Amino acid sequence: MEKPNQKYNKGMKSLKITCCLFVLLMMLSASATAQTEQVVGYCAEELPPNSVGLEGGELRISAAIHLPKSKMMRYKGGQLTKIRFAVKEGFENFSVWVRTSLNTSSKIVQSVEELQNGWNEVTLNRPYPIDGEDLYIGYTATQPDGFSGIIAGGTGNEYTSWIGVDNQWADYSEYGLGILYIQGIVEADVFDQDAAMVDLSLDKQTYTADETLHIDGMLVNTGTTNISGFQLNIIVDGGIGNAYVYDEVLLPEQTETFSHTLSLAGVSEGRHELIVSVVTNDDFDQNAANDELRVPFYVYSSTYPRTLLLEHFTSLPCVNCPPVDALLEEVTEQRGDVVWVSHHVGYRDDDFTLEASRNLTRFGVTGNPFIMIDRTLFDNKTTVAFVIRGESAEAVNDMYFDQAAAVPSFLELSASGDAVGNVLSIHVEGEGKDYVAELYPNAMLHVFLVEDQVYTPKPQAGNSTKHIHDNITRAFVTSSRGIAPQWQDDGTFQWDTTFELPEQWRQQMLRVVAFITKAADRESGYPTGEVLNATQAYITTDRPTGIATVSSAHARDTYYNIWGQRIDQPLQRHGVMIVRDGNAKSKKVIVR
């Protein structure tokens, strides 16, 4: 048996070892990170002798520096507490701000009441939490006529010298401005050794099993000491993958971009996850939280049939529109996969112009005639609306329609409309892959009402005989921005609504057009993204068509419906007929 004092001494020895280990861990922890105040920027502390300004009288002027993700990842989890800047005294209405992009609104704006020549420091009333993403910090002020108060020096670059006039920004390092004297003060834990993954992307979201992933990414040394080589591990769902060894030394704040490929042979249909992680060669990284990034992708073996949405911008006073109308008729006659709607807006308004259609001009419509196919960019155009003139139907099909039709669709739609009296009940159903809601998390459903065979007393400009017009957009049932479909777990949704039809619309010529688009592309200013699929259906109605019994009887004047079938007598109410007189001349007649 142990004596009491032996047991006591043994316990004291164990306690001493434990305490020593605790102290050692605390010391290591303290050396690894320290909540310190860090200066983030590009300029020196010593000010240059000269200042600069922009000509043009009194201006509302801004100056900013860009702190990219590669720089800000070091301070992730910390906060921006102060902004320092150096200017000449004389600016008016001065404020500092924080933004995530120069073209978005400020996250923080704070007025500066008193300025002094040289360095100024503003403590933010509300510290800005740093998430490791891109950041812009700067100031905005009124520059009096003839005043030069911006301080810059040295040689600038793409991050250091952004100047904006009335929020129109340009990189003035290209004009030799130099580095702006703007700095951020952050409080954050900074690690000695830390390799961080900062970007990971794939060339697309959906693949077949015989395709290859094309992977691009970037990592950065966010620590304060060099990293002597590292390894990238690229895997799918924790299974197949590759490892790549890099022997080069990464200096603090230095980035490394990479591109690799990975075969999907043997990967099953459905949702998967690409996982890329970094391991330093000495296997010593003090911050494991940023060592890995994940990107979802989807493998498919089948798709849904695609129906294209053709949106045609036209107007009755448009003298250039009839040739394009004829070209589009020829194009669509060659295809069975197009839903055609016309928006009478652009060059001039007419009786068919809808206020809601004006929102669509933000796609790039500057007049008539313009078209959009699935609201898709072709050949990296800056707008999705474009003009076709002089091309053949075959060329237009090849350049645009066939290209849009080749895009795989992972959902399909069906629609119906049932009119009782003047009340139209609209029903839309959607079905997609079980991952469709995740693939398109902010998709929008759009529903139009479109009328065909509409008569106008005056002919269209440029065609003295054209009184009949098809594809007239009569109503935006869901508004121009659409509504979010409520997807169920099985990849389906249903949507129902009612709509009161004006008396003058001929119900037998109305159709419901429904389509789903990707999430809104706010950065480009477009109201919606690409069309994922479309559908249409003529409504059923309890109103009589006005077309009598089909007959083979002969008469001096013979009458035919729009399908070319003989009818006994002329129409008495709503409808369209063809009249062939005794001189074998035919003409269309609209009965209102």
# chains A, B, ... in the order shown; residues from 1 in each chain; ligands from 1
>>> residues_around(residues="A:Val39", least_positions_apart="4", cutoff="9 Å", atoms="only C-alpha atoms", output="list in words")
Gln183, Gly184, Ile185 and Val186 of chain A
>>> select_by_dssp(residues="stretch 144-383 of chain A", states="strand (DSSP E or B)", output="JSON, numbers by chain")
{"A": [150, 152, 153, 162, 163, 164, 165, 168, 169, 170, 171, 179, 180, 182, 183, 184, 185, 186, 187, 188, 189, 195, 196, 197, 198, 199, 200, 201, 202, 206, 207, 212, 213, 214, 215, 216, 217, 218, 219, 220, 221, 227, 228, 229, 230, 231, 232, 233, 234, 235, 236, 241, 242, 243, 244, 245, 246, 247, 248, 249, 250, 255, 256, 257, 258, 259, 260, 261, 262, 263, 270, 271, 272, 273, 274, 275, 276, 277, 278, 279, 280, 292, 293, 294, 295, 296, 297, 298, 299, 304, 308, 309, 310, 311, 312, 313, 314, 338, 339, 340, 341, 342, 343, 344, 370, 371, 372, 373]}
>>> residues_around(residues="A:Asn50", least_positions_apart="6", cutoff="10 Å", atoms="only C-alpha atoms", output="ChimeraX atom specification")
/A:88,148-153
>>> select_by_dssp(residues="stretch 13-239 of chain A", states="alpha helix (DSSP H)", output="number ranges by chain")
A: 13-32, 69-72
>>> closest_atom_pairs(of="stretch 400-513 of chain A", to="stretch 253-269 of chain A", cutoff="12 Å", atoms="only C-alpha atoms", output="tab-separated table")
residue	atom	partner	partner_atom	distance
A:Lys433	CA	A:Glu269	CA	10.4
A:Asp434	CA	A:Glu269	CA	11.0
A:Tyr435	CA	A:Glu269	CA	10.8
>>> write_last_selection(atoms="all heavy atoms", output="PDB file, in the first residue's frame")
ATOM      1  N   LYS A 433     -36.296  18.193 -61.239  1.00  0.00           N
ATOM      2  CA  LYS A 433     -35.457  17.266 -60.491  1.00  0.00           C
ATOM      3  C   LYS A 433     -35.619  17.547 -59.006  1.00  0.00           C
ATOM      4  O   LYS A 433     -35.972  18.662 -58.600  1.00  0.00           O
ATOM      5  CB  LYS A 433     -33.995  17.445 -60.904  1.00  0.00           C
ATOM      6  CG  LYS A 433     -33.711  17.219 -62.380  1.00  0.00           C
ATOM      7  CD  LYS A 433     -33.827  15.762 -62.749  1.00  0.00           C
ATOM      8  CE  LYS A 433     -33.394  15.522 -64.181  1.00  0.00           C
ATOM      9  NZ  LYS A 433     -33.452  14.095 -64.566  1.00  0.00           N
ATOM     10  N   ASP A 434     -35.350  16.550 -58.173  1.00  0.00           N
ATOM     11  CA  ASP A 434     -35.594  16.746 -56.743  1.00  0.00           C
ATOM     12  C   ASP A 434     -34.678  17.798 -56.127  1.00  0.00           C
ATOM     13  O   ASP A 434     -34.911  18.251 -55.017  1.00  0.00           O
ATOM     14  CB  ASP A 434     -35.478  15.420 -55.982  1.00  0.00           C
ATOM     15  CG  ASP A 434     -34.138  14.726 -56.208  1.00  0.00           C
ATOM     16  OD1 ASP A 434     -33.245  15.333 -56.834  1.00  0.00           O
ATOM     17  OD2 ASP A 434     -33.988  13.579 -55.752  1.00  0.00           O
ATOM     18  N   TYR A 435     -33.654  18.214 -56.876  1.00  0.00           N
ATOM     19  CA  TYR A 435     -32.749  19.257 -56.381  1.00  0.00           C
ATOM     20  C   TYR A 435     -33.020  20.610 -57.042  1.00  0.00           C
ATOM     21  O   TYR A 435     -32.226  21.541 -56.921  1.00  0.00           O
ATOM     22  CB  TYR A 435     -31.292  18.859 -56.618  1.00  0.00           C
ATOM     23  CG  TYR A 435     -30.967  18.395 -58.017  1.00  0.00           C
ATOM     24  CD1 TYR A 435     -30.837  19.304 -59.070  1.00  0.00           C
ATOM     25  CD2 TYR A 435     -30.791  17.046 -58.300  1.00  0.00           C
ATOM     26  CE1 TYR A 435     -30.542  18.892 -60.355  1.00  0.00           C
ATOM     27  CE2 TYR A 435     -30.495  16.613 -59.587  1.00  0.00           C
ATOM     28  CZ  TYR A 435     -30.367  17.542 -60.608  1.00  0.00           C
ATOM     29  OH  TYR A 435     -30.072  17.121 -61.883  1.00  0.00           O
TER      30      TYR A 435
END
>>> residues_around(residues="A:Val109", least_positions_apart="4", cutoff="10 Å", atoms="only C-alpha atoms", output="NGL selection string")
:A and (95-99 or 105 or 124-126 or 138-140)
>>> write_last_selection(atoms="N, CA and C atoms", output="short mmCIF file (atom, residue, chain, number, x, y, z; two decimals), in the first residue's frame")
data_model
loop_
_atom_site.label_atom_id
_atom_site.label_comp_id
_atom_site.auth_asym_id
_atom_site.auth_seq_id
_atom_site.Cartn_x
_atom_site.Cartn_y
_atom_site.Cartn_z
N SER A 95 -17.62 63.06 -45.44
CA SER A 95 -18.04 61.85 -44.72
C SER A 95 -17.16 60.69 -45.14
N VAL A 96 -16.99 59.74 -44.22
CA VAL A 96 -16.27 58.49 -44.52
C VAL A 96 -17.29 57.37 -44.62
N TRP A 97 -16.92 56.29 -45.31
CA TRP A 97 -17.87 55.21 -45.51
C TRP A 97 -17.16 53.88 -45.72
N VAL A 98 -17.98 52.81 -45.65
CA VAL A 98 -17.53 51.44 -45.88
C VAL A 98 -18.51 50.80 -46.85
N ARG A 99 -17.98 50.14 -47.90
CA ARG A 99 -18.83 49.48 -48.89
C ARG A 99 -18.25 48.11 -49.23
N SER A 105 -24.74 50.54 -52.22
CA SER A 105 -24.86 51.53 -51.16
C SER A 105 -23.88 51.23 -50.02
N LEU A 124 -15.32 54.80 -35.80
CA LEU A 124 -16.67 54.50 -36.27
C LEU A 124 -17.63 54.33 -35.10
N ASN A 125 -18.78 54.95 -35.20
CA ASN A 125 -19.80 54.80 -34.16
C ASN A 125 -20.27 53.36 -34.04
N ARG A 126 -20.23 52.67 -35.17
CA ARG A 126 -20.66 51.27 -35.21
C ARG A 126 -19.58 50.47 -35.94
N GLY A 138 -13.47 54.62 -47.89
CA GLY A 138 -13.16 55.87 -48.56
C GLY A 138 -13.90 57.03 -47.96
N TYR A 139 -13.88 58.13 -48.69
CA TYR A 139 -14.57 59.34 -48.23
C TYR A 139 -15.24 60.02 -49.43
N THR A 140 -16.24 60.83 -49.12
CA THR A 140 -16.96 61.63 -50.11
C THR A 140 -17.08 63.04 -49.57
#
>>> residues_around(residues="stretch 232-236 of chain A", least_positions_apart="4", cutoff="8 Å", atoms="only C-alpha atoms", output="number ranges by chain")
A: 240-246, 272-279
>>> write_last_selection(atoms="all heavy atoms", output="mmCIF file, in the first residue's frame")
data_model
loop_
_atom_site.group_PDB
_atom_site.id
_atom_site.type_symbol
_atom_site.label_atom_id
_atom_site.label_comp_id
_atom_site.auth_asym_id
_atom_site.auth_seq_id
_atom_site.Cartn_x
_atom_site.Cartn_y
_atom_site.Cartn_z
ATOM 1 N N ILE A 240 -13.859 10.011 -54.460
ATOM 2 C CA ILE A 240 -12.829 10.139 -55.478
ATOM 3 C C ILE A 240 -12.155 11.500 -55.384
ATOM 4 O O ILE A 240 -12.750 12.482 -54.950
ATOM 5 C CB ILE A 240 -13.423 9.949 -56.884
ATOM 6 C CG1 ILE A 240 -14.419 11.088 -57.212
ATOM 7 C CG2 ILE A 240 -14.082 8.600 -57.031
ATOM 8 C CD1 ILE A 240 -14.838 11.101 -58.672
ATOM 9 N N GLY A 241 -10.892 11.548 -55.798
ATOM 10 C CA GLY A 241 -10.197 12.817 -55.754
ATOM 11 C C GLY A 241 -8.732 12.694 -56.087
ATOM 12 O O GLY A 241 -8.220 11.618 -56.396
ATOM 13 N N ASN A 242 -8.036 13.834 -56.024
ATOM 14 C CA ASN A 242 -6.610 13.912 -56.313
ATOM 15 C C ASN A 242 -5.945 14.840 -55.317
ATOM 16 O O ASN A 242 -6.597 15.697 -54.702
ATOM 17 C CB ASN A 242 -6.364 14.434 -57.731
ATOM 18 C CG ASN A 242 -6.879 13.496 -58.805
ATOM 19 O OD1 ASN A 242 -6.654 12.288 -58.740
ATOM 20 N ND2 ASN A 242 -7.579 14.044 -59.789
ATOM 21 N N ALA A 243 -4.623 14.676 -55.172
ATOM 22 C CA ALA A 243 -3.807 15.559 -54.329
ATOM 23 C C ALA A 243 -2.742 16.197 -55.209
ATOM 24 O O ALA A 243 -2.164 15.540 -56.081
ATOM 25 C CB ALA A 243 -3.176 14.774 -53.187
ATOM 26 N N TYR A 244 -2.476 17.495 -54.982
ATOM 27 C CA TYR A 244 -1.483 18.230 -55.755
ATOM 28 C C TYR A 244 -0.526 18.930 -54.790
ATOM 29 O O TYR A 244 -0.971 19.643 -53.870
ATOM 30 C CB TYR A 244 -2.162 19.268 -56.656
ATOM 31 C CG TYR A 244 -3.118 18.655 -57.658
ATOM 32 C CD1 TYR A 244 -4.464 18.478 -57.331
ATOM 33 C CD2 TYR A 244 -2.681 18.233 -58.903
ATOM 34 C CE1 TYR A 244 -5.344 17.913 -58.237
ATOM 35 C CE2 TYR A 244 -3.568 17.660 -59.818
ATOM 36 C CZ TYR A 244 -4.888 17.507 -59.477
ATOM 37 O OH TYR A 244 -5.765 16.940 -60.365
ATOM 38 N N VAL A 245 0.762 18.722 -55.007
ATOM 39 C CA VAL A 245 1.792 19.272 -54.122
ATOM 40 C C VAL A 245 2.411 20.504 -54.775
ATOM 41 O O VAL A 245 2.803 20.468 -55.946
ATOM 42 C CB VAL A 245 2.876 18.226 -53.819
ATOM 43 C CG1 VAL A 245 3.986 18.843 -52.971
ATOM 44 C CG2 VAL A 245 2.266 17.026 -53.112
ATOM 45 N N TYR A 246 2.487 21.595 -54.002
ATOM 46 C CA TYR A 246 3.123 22.843 -54.429
ATOM 47 C C TYR A 246 4.323 23.094 -53.517
ATOM 48 O O TYR A 246 4.172 23.147 -52.296
ATOM 49 C CB TYR A 246 2.153 24.012 -54.322
ATOM 50 C CG TYR A 246 0.992 23.963 -55.286
ATOM 51 C CD1 TYR A 246 -0.069 23.079 -55.099
ATOM 52 C CD2 TYR A 246 0.940 24.824 -56.374
ATOM 53 C CE1 TYR A 246 -1.136 23.037 -55.982
ATOM 54 C CE2 TYR A 246 -0.126 24.800 -57.266
ATOM 55 C CZ TYR A 246 -1.165 23.903 -57.057
ATOM 56 O OH TYR A 246 -2.213 23.869 -57.924
ATOM 57 N N HIS A 272 -24.070 16.644 -55.561
ATOM 58 C CA HIS A 272 -22.762 16.267 -55.023
ATOM 59 C C HIS A 272 -22.041 17.518 -54.546
ATOM 60 O O HIS A 272 -22.489 18.640 -54.776
ATOM 61 C CB HIS A 272 -21.935 15.535 -56.084
ATOM 62 C CG HIS A 272 -22.539 14.250 -56.545
ATOM 63 N ND1 HIS A 272 -22.411 13.071 -55.850
ATOM 64 C CD2 HIS A 272 -23.326 13.973 -57.629
ATOM 65 C CE1 HIS A 272 -23.059 12.110 -56.477
ATOM 66 N NE2 HIS A 272 -23.635 12.629 -57.549
ATOM 67 N N GLU A 273 -20.927 17.308 -53.879
ATOM 68 C CA GLU A 273 -20.181 18.422 -53.320
ATOM 69 C C GLU A 273 -18.698 18.258 -53.633
ATOM 70 O O GLU A 273 -18.097 17.213 -53.353
ATOM 71 C CB GLU A 273 -20.389 18.481 -51.809
ATOM 72 C CG GLU A 273 -20.117 19.841 -51.217
ATOM 73 C CD GLU A 273 -20.677 19.951 -49.802
ATOM 74 O OE1 GLU A 273 -20.439 19.035 -49.002
ATOM 75 O OE2 GLU A 273 -21.330 20.966 -49.502
ATOM 76 N N LEU A 274 -18.129 19.288 -54.225
ATOM 77 C CA LEU A 274 -16.681 19.338 -54.427
ATOM 78 C C LEU A 274 -16.054 19.949 -53.179
ATOM 79 O O LEU A 274 -16.493 21.003 -52.710
ATOM 80 C CB LEU A 274 -16.337 20.183 -55.646
ATOM 81 C CG LEU A 274 -14.843 20.418 -55.865
ATOM 82 C CD1 LEU A 274 -14.160 19.145 -56.331
ATOM 83 C CD2 LEU A 274 -14.600 21.555 -56.849
ATOM 84 N N ILE A 275 -15.024 19.279 -52.660
ATOM 85 C CA ILE A 275 -14.351 19.741 -51.443
ATOM 86 C C ILE A 275 -12.877 19.939 -51.764
ATOM 87 O O ILE A 275 -12.205 19.009 -52.226
ATOM 88 C CB ILE A 275 -14.497 18.726 -50.296
ATOM 89 C CG1 ILE A 275 -15.967 18.371 -50.076
ATOM 90 C CG2 ILE A 275 -13.867 19.260 -49.021
ATOM 91 C CD1 ILE A 275 -16.178 17.161 -49.187
ATOM 92 N N VAL A 276 -12.376 21.142 -51.544
ATOM 93 C CA VAL A 276 -10.956 21.440 -51.755
ATOM 94 C C VAL A 276 -10.383 21.972 -50.449
ATOM 95 O O VAL A 276 -10.917 22.919 -49.862
ATOM 96 C CB VAL A 276 -10.753 22.464 -52.885
ATOM 97 C CG1 VAL A 276 -9.264 22.766 -53.066
ATOM 98 C CG2 VAL A 276 -11.345 21.947 -54.195
ATOM 99 N N SER A 277 -9.294 21.365 -49.994
ATOM 100 C CA SER A 277 -8.661 21.777 -48.737
ATOM 101 C C SER A 277 -7.165 21.950 -48.954
ATOM 102 O O SER A 277 -6.575 21.363 -49.869
ATOM 103 C CB SER A 277 -8.919 20.751 -47.630
ATOM 104 O OG SER A 277 -8.408 19.486 -47.996
ATOM 105 N N VAL A 278 -6.550 22.757 -48.112
ATOM 106 C CA VAL A 278 -5.115 23.016 -48.177
ATOM 107 C C VAL A 278 -4.456 22.522 -46.895
ATOM 108 O O VAL A 278 -4.990 22.680 -45.794
ATOM 109 C CB VAL A 278 -4.836 24.524 -48.400
ATOM 110 C CG1 VAL A 278 -5.427 25.380 -47.279
ATOM 111 C CG2 VAL A 278 -3.339 24.777 -48.522
ATOM 112 N N VAL A 279 -3.283 21.885 -47.061
ATOM 113 C CA VAL A 279 -2.475 21.420 -45.932
ATOM 114 C C VAL A 279 -1.054 21.908 -46.165
ATOM 115 O O VAL A 279 -0.495 21.678 -47.248
ATOM 116 C CB VAL A 279 -2.487 19.881 -45.813
ATOM 117 C CG1 VAL A 279 -1.619 19.423 -44.646
ATOM 118 C CG2 VAL A 279 -3.914 19.371 -45.646
#
>>> atom_distance(atom1="atom CA of A:Thr212", atom2="atom CA of A:Phe230")
24.6 Å
>>> closest_residue(among="A:Asn320, A:Ser302, A:Ser480, A:Thr81", to="A:Thr206", atoms="only C-alpha atoms")
A:Ser302
>>> atom_distance(atom1="atom CA of A:Arg348", atom2="atom CA of A:Val365")
12.2 Å
>>> atom_distance(atom1="atom CA of A:Gln453", atom2="atom CA of A:Ser392")
25.4 Å
>>> closest_residue(among="A:Ile483, A:Leu250, A:Leu200, A:Ile215", to="A:Ile227", atoms="only C-alpha atoms")
A:Leu250
>>> closest_residue(among="A:Thr100, A:Gln508, A:Gln79, A:Thr382", to="A:Asp418", atoms="only C-alpha atoms")
A:Gln508
>>> closest_residue(among="A:Asn463, A:Leu213, A:Ile83, A:Glu438", to="A:Ser201", atoms="only C-alpha atoms")
A:Leu213
>>> closest_residue(among="A:Asp496, A:Gln168, A:Glu211, A:Ser315", to="A:Gln460", atoms="only C-alpha atoms")
A:Ser315
